[in-house]
Structures are given as C-alpha cells and as structure tokens.
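Participant: Dropping in query_12.cif, which is mmCIF, C-alpha atoms, pLDDT in the B column; chains and numbers go by the auth columns:
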data_input
loop_
_atom_site.group_PDB
_atom_site.id
_atom_site.type_symbol
_atom_site.label_atom_id
_atom_site.label_comp_id
_atom_site.label_asym_id
_atom_site.label_seq_id
_atom_site.Cartn_x
_atom_site.Cartn_y
_atom_site.Cartn_z
_atom_site.B_iso_or_equiv
_atom_site.auth_seq_id
_atom_site.auth_asym_id
ATOM 1 C CA MET A 1 28.164 -14.514 10.546 94.00 4 A
ATOM 2 C CA TYR A 2 25.274 -12.710 8.862 98.00 5 A
ATOM 3 C CA CYS A 3 21.940 -11.722 10.365 97.00 6 A
ATOM 4 C CA VAL A 4 18.873 -12.809 8.343 97.00 7 A
ATOM 5 C CA TYR A 5 16.023 -10.291 8.239 97.00 8 A
ATOM 6 C CA ARG A 6 12.460 -10.860 6.981 95.00 9 A
ATOM 7 C CA ASP A 7 9.830 -8.241 7.672 93.00 10 A
ATOM 8 C CA GLY A 8 6.165 -9.017 8.306 93.00 11 A
ATOM 9 C CA LYS A 9 5.120 -7.828 4.855 95.00 12 A
ATOM 10 C CA VAL A 10 7.408 -10.383 3.206 94.00 13 A
ATOM 11 C CA MET A 11 6.186 -13.192 5.471 94.00 14 A
ATOM 12 C CA SER A 12 2.464 -12.370 5.323 93.00 15 A
ATOM 13 C CA PRO A 13 1.585 -14.473 2.246 89.00 16 A
ATOM 14 C CA LEU A 14 3.541 -17.452 3.619 94.00 17 A
ATOM 15 C CA ARG A 15 1.603 -17.074 6.864 93.00 18 A
ATOM 16 C CA GLN A 16 -1.588 -17.560 4.831 92.00 19 A
ATOM 17 C CA VAL A 17 -0.212 -20.846 3.448 94.00 20 A
ATOM 18 C CA TRP A 18 0.770 -21.885 6.988 94.00 21 A
ATOM 19 C CA GLU A 19 -2.717 -21.231 8.329 95.00 22 A
ATOM 20 C CA THR A 20 -4.328 -23.583 5.789 94.00 23 A
ATOM 21 C CA ALA A 21 -1.552 -26.198 5.854 95.00 24 A
ATOM 22 C CA ASP A 22 -1.814 -29.617 7.416 96.00 25 A
ATOM 23 C CA GLU A 23 0.670 -30.710 10.085 97.00 26 A
ATOM 24 C CA SER A 24 3.015 -32.330 7.578 96.00 27 A
ATOM 25 C CA LEU A 25 3.324 -29.179 5.463 96.00 28 A
ATOM 26 C CA ARG A 26 3.744 -27.007 8.561 97.00 29 A
ATOM 27 C CA ASN A 27 6.592 -29.227 9.714 97.00 30 A
ATOM 28 C CA ALA A 28 8.196 -29.027 6.266 97.00 31 A
ATOM 29 C CA ILE A 29 7.872 -25.220 6.188 97.00 32 A
ATOM 30 C CA GLY A 30 9.376 -24.862 9.668 97.00 33 A
ATOM 31 C CA ALA A 31 12.286 -27.144 8.821 98.00 34 A
ATOM 32 C CA ALA A 32 12.896 -25.325 5.525 97.00 35 A
ATOM 33 C CA LEU A 33 12.976 -21.946 7.299 96.00 36 A
ATOM 34 C CA GLN A 34 15.587 -23.299 9.716 97.00 37 A
ATOM 35 C CA ARG A 35 17.719 -24.651 6.868 97.00 38 A
ATOM 36 C CA ILE A 36 17.408 -21.345 4.977 97.00 39 A
ATOM 37 C CA ASP A 37 18.505 -19.354 8.025 96.00 40 A
ATOM 38 C CA GLY A 38 21.475 -21.667 8.518 96.00 41 A
ATOM 39 C CA GLU A 39 22.493 -21.383 4.876 96.00 42 A
ATOM 40 C CA LEU A 40 22.180 -17.605 4.739 98.00 43 A
ATOM 41 C CA GLN A 41 23.996 -16.910 7.999 97.00 44 A
ATOM 42 C CA THR A 42 27.239 -18.270 6.568 94.00 45 A
ATOM 43 C CA ASP A 43 28.664 -17.011 3.272 90.00 46 A
ATOM 44 C CA PRO A 44 25.343 -16.028 1.640 97.00 47 A
ATOM 45 C CA HIS A 45 27.116 -14.751 -1.502 94.00 48 A
ATOM 46 C CA HIS A 46 27.659 -18.374 -2.507 95.00 49 A
ATOM 47 C CA LYS A 47 24.230 -19.758 -1.627 96.00 50 A
ATOM 48 C CA GLY A 48 21.575 -20.383 -4.236 96.00 51 A
ATOM 49 C CA GLU A 49 21.773 -18.781 -7.669 97.00 52 A
ATOM 50 C CA SER A 50 22.491 -15.211 -8.691 96.00 53 A
ATOM 51 C CA ARG A 51 19.725 -13.071 -10.160 96.00 54 A
ATOM 52 C CA PRO A 52 19.631 -9.595 -11.725 94.00 55 A
ATOM 53 C CA GLY A 53 19.896 -6.556 -9.517 93.00 56 A
ATOM 54 C CA GLY A 54 22.328 -8.093 -7.035 93.00 57 A
ATOM 55 C CA THR A 55 19.802 -10.571 -5.665 97.00 58 A
ATOM 56 C CA ARG A 56 20.023 -14.327 -5.249 98.00 59 A
ATOM 57 C CA ILE A 57 17.461 -17.134 -5.064 98.00 60 A
ATOM 58 C CA LEU A 58 17.641 -20.184 -2.827 98.00 61 A
ATOM 59 C CA PHE A 59 15.383 -23.241 -2.922 97.00 62 A
ATOM 60 C CA GLU A 60 14.825 -25.345 0.206 97.00 63 A
ATOM 61 C CA SER A 61 11.772 -27.477 -0.449 96.00 64 A
ATOM 62 C CA PRO A 62 8.984 -26.585 0.019 97.00 65 A
ATOM 63 C CA LEU A 63 10.184 -22.952 0.120 97.00 66 A
ATOM 64 C CA ALA A 64 12.092 -20.555 -2.065 97.00 67 A
ATOM 65 C CA VAL A 65 13.524 -17.180 -1.103 97.00 68 A
ATOM 66 C CA VAL A 66 14.886 -14.218 -2.999 98.00 69 A
ATOM 67 C CA PHE A 67 17.409 -12.274 -0.963 98.00 70 A
ATOM 68 C CA ALA A 68 20.005 -9.507 -1.066 98.00 71 A
ATOM 69 C CA VAL A 69 23.233 -9.315 0.909 97.00 72 A
ATOM 70 C CA ASP A 70 24.448 -6.132 2.601 96.00 73 A
ATOM 71 C CA GLU A 71 28.108 -6.910 3.126 94.00 74 A
ATOM 72 C CA GLU A 72 28.832 -3.757 5.114 95.00 75 A
ATOM 73 C CA ARG A 73 26.123 -4.515 7.686 97.00 76 A
ATOM 74 C CA GLN A 74 26.585 -8.313 7.532 97.00 77 A
ATOM 75 C CA LEU A 75 22.851 -8.505 6.796 98.00 78 A
ATOM 76 C CA VAL A 76 20.820 -10.766 4.515 98.00 79 A
ATOM 77 C CA ARG A 77 17.472 -9.212 3.656 98.00 80 A
ATOM 78 C CA VAL A 78 14.818 -11.647 2.467 98.00 81 A
ATOM 79 C CA LEU A 79 12.852 -9.895 -0.275 97.00 82 A
ATOM 80 C CA ARG A 80 10.380 -12.643 -1.159 96.00 83 A
ATOM 81 C CA VAL A 81 9.486 -16.074 0.180 96.00 84 A
ATOM 82 C CA TRP A 82 7.003 -18.588 -1.199 96.00 85 A
ATOM 83 C CA ALA A 83 5.950 -22.198 -0.918 95.00 86 A
ATOM 84 C CA PHE A 84 5.961 -24.493 -3.934 93.00 87 A
ATOM 85 C CA GLY A 85 5.182 -28.089 -4.732 83.00 88 A
ATOM 86 C CA ASN A 86 2.255 -30.492 -4.651 62.00 89 A
ATOM 87 C CA GLY A 87 1.280 -29.747 -1.070 57.00 90 A
ATOM 88 C CA THR A 88 0.836 -26.052 -1.803 58.00 91 A
ATOM 89 C CA ARG A 89 -0.803 -26.038 -5.235 51.00 92 A
ATOM 90 C CA LYS A 90 -4.305 -25.527 -3.845 48.00 93 A
ATOM 91 C CA ARG A 91 -3.075 -22.783 -1.541 44.00 94 A
ATOM 92 C CA ASP A 92 -1.523 -19.384 -2.184 45.00 95 A
ATOM 93 C CA ARG A 93 1.569 -20.380 -4.148 44.00 96 A
ATOM 94 C CA ALA A 94 3.370 -17.037 -4.143 48.00 97 A
ATOM 95 C CA ALA A 95 4.303 -15.110 -1.052 47.00 98 A
#
Now, as a test, write the supplied structure out as structure tokens.
Facilitator:
Amino acid sequence: MYCVYRDGKVMSPLRQVWETADESLRNAIGAALQRIDGELQTDPHHKGESRPGGTRILFESPLAVVFAVDEERQLVRVLRVWAFGNGTRKRDRAA
C-alpha cells in the first residue's frame, strides 16, 4: 500500500476554489479526493495515464491530479491538483 502525499503549496489553489464553492461542489471535491486517495494507494503505476518525465495524470471529476510514484519509498507525491468542469469555470480553474 502506498502513502499519498500532497503538500500545502500544491493544495493552496484548490483551497481557493473550495472557499468560493457552494455546498454541492464542496461535496464533489471531498468525494473526489477520497476516490483519488483510494486509487493511488493501490497500484498507482496503473492508475490514470502516463505523462512525460515519469509522471501520471488521473481524472476524478471534478478534480484532476498529476502525480509521481516513488517505488522505493512506496510514496505517491501529488505534484498538481485542479478542479475542472462547469461548476468551477468562474473560479480558479488551475491549482
């Protein structure tokens, strides 16, 4: 099982979206974060799509994450997270 790590700098822009979101979007963001954690804790090398530089991208509406896997440490480091979709268009789209 892998540990999923996101530092405050990575999460800061998503926090801005959260602060302006209505209850429905907040619920969707929270649920998406839980699904992402669950997906990345087990076999993250096969989750999402591969990207250059040894990174991968995973979409769990209304969020997307770019991440890297450190096999030796059994660690998934989230490098970028952002909200997308109709409910976020008027807010900060990239995080």
Participant: Measuring atom to atom with only C-alpha atoms, identify which of A:Gln37, A:Thr23, A:Ser15, A:Ser53 is nearest to Arg83 in chain A.
Facilitator: A:Ser15
Participant: Distance table requested - range 11-36 of chain A against range 56-62 of chain A, cut-off 12 Å, all atoms listed in the file: one row per qualifying residue with the closest atom pair and its distance in Å to one decimal, ordered by chain and rising residue number, as CSV.
Facilitator:
residue,atom,partner,partner_atom,distance
A:Ile32,CA,A:Phe62,CA,12.0
A:Ala35,CA,A:Phe62,CA,9.0
A:Leu36,CA,A:Phe62,CA,10.6
Participant: Compile the contact shell of Leu66 in chain A as a VMD selection string: residues with an atom at most 10 Å away, counting all atoms listed in the file, same-chain residues fewer than 4 positions apart removed.
Facilitator: chain A and resid 17 31 to 36 39 61 to 62 84 to 88 96 to 98
Participant: Using only C-alpha atoms, list the residues that have an atom at most 12 Å from (27.5, -18.5, 2.0), coordinates as in the file, as a list in words.
Facilitator: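 Collected hits near the coordinates: Met4, Tyr5, Ile39, Asp40, Gly41, Glu42, Leu43, Gln44, Thr45, Asp46, Pro47, His48, His49, Lys50, Gly51, Glu52, Arg59, Leu61, Val72, Glu74, Gln77 and Val79 of chain A.
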Participant: For CA of Glu26 in chain A and CA of Ala67 in chain A, determine how far apart the two atoms are, in Å to one decimal place.
Facilitator: 19.5 Å
Participant: Go ahead and compute the interatomic distance for CA of Val69 in chain A and CA of Leu28 in chain A, in Å to one decimal.
Facilitator: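 Separating CA of Val69 in chain A from CA of Leu28 in chain A is a distance of 20.7 Å.
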Participant: Can you list, as a list in words, the residues that the PyMOL selection byres ((chain A and resi 8) around 10) selects here?
Facilitator: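 That selection, the PyMOL selection byres ((chain A and resi 8) around 10), comes back as Tyr5, Cys6, Val7, Arg9, Asp10, Gly11, Val13, Asp40, Phe70, Leu78, Val79, Arg80, Val81 and Leu82 of chain A.
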Participant: One decimal, Å: what's the distance from CA of Trp21 in chain A over to CA of Arg38 in chain A, could you say?
Facilitator: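 Interatomic distance, CA of Trp21 in chain A to CA of Arg38 in chain A: 17.2 Å.
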Participant: Would you compute, for all listed atoms of range 59-72 of chain A, the axis-aligned bounding box grown by 5 Å on each side, and then report its centre and edge lengths in Å rounded to one decimal, as lines of an AutoDock Vina configuration file?
Facilitator:
center_x = 16.1
center_y = -18.4
center_z = -2.2
size_x = 24.2
size_y = 28.2
size_z = 16.2
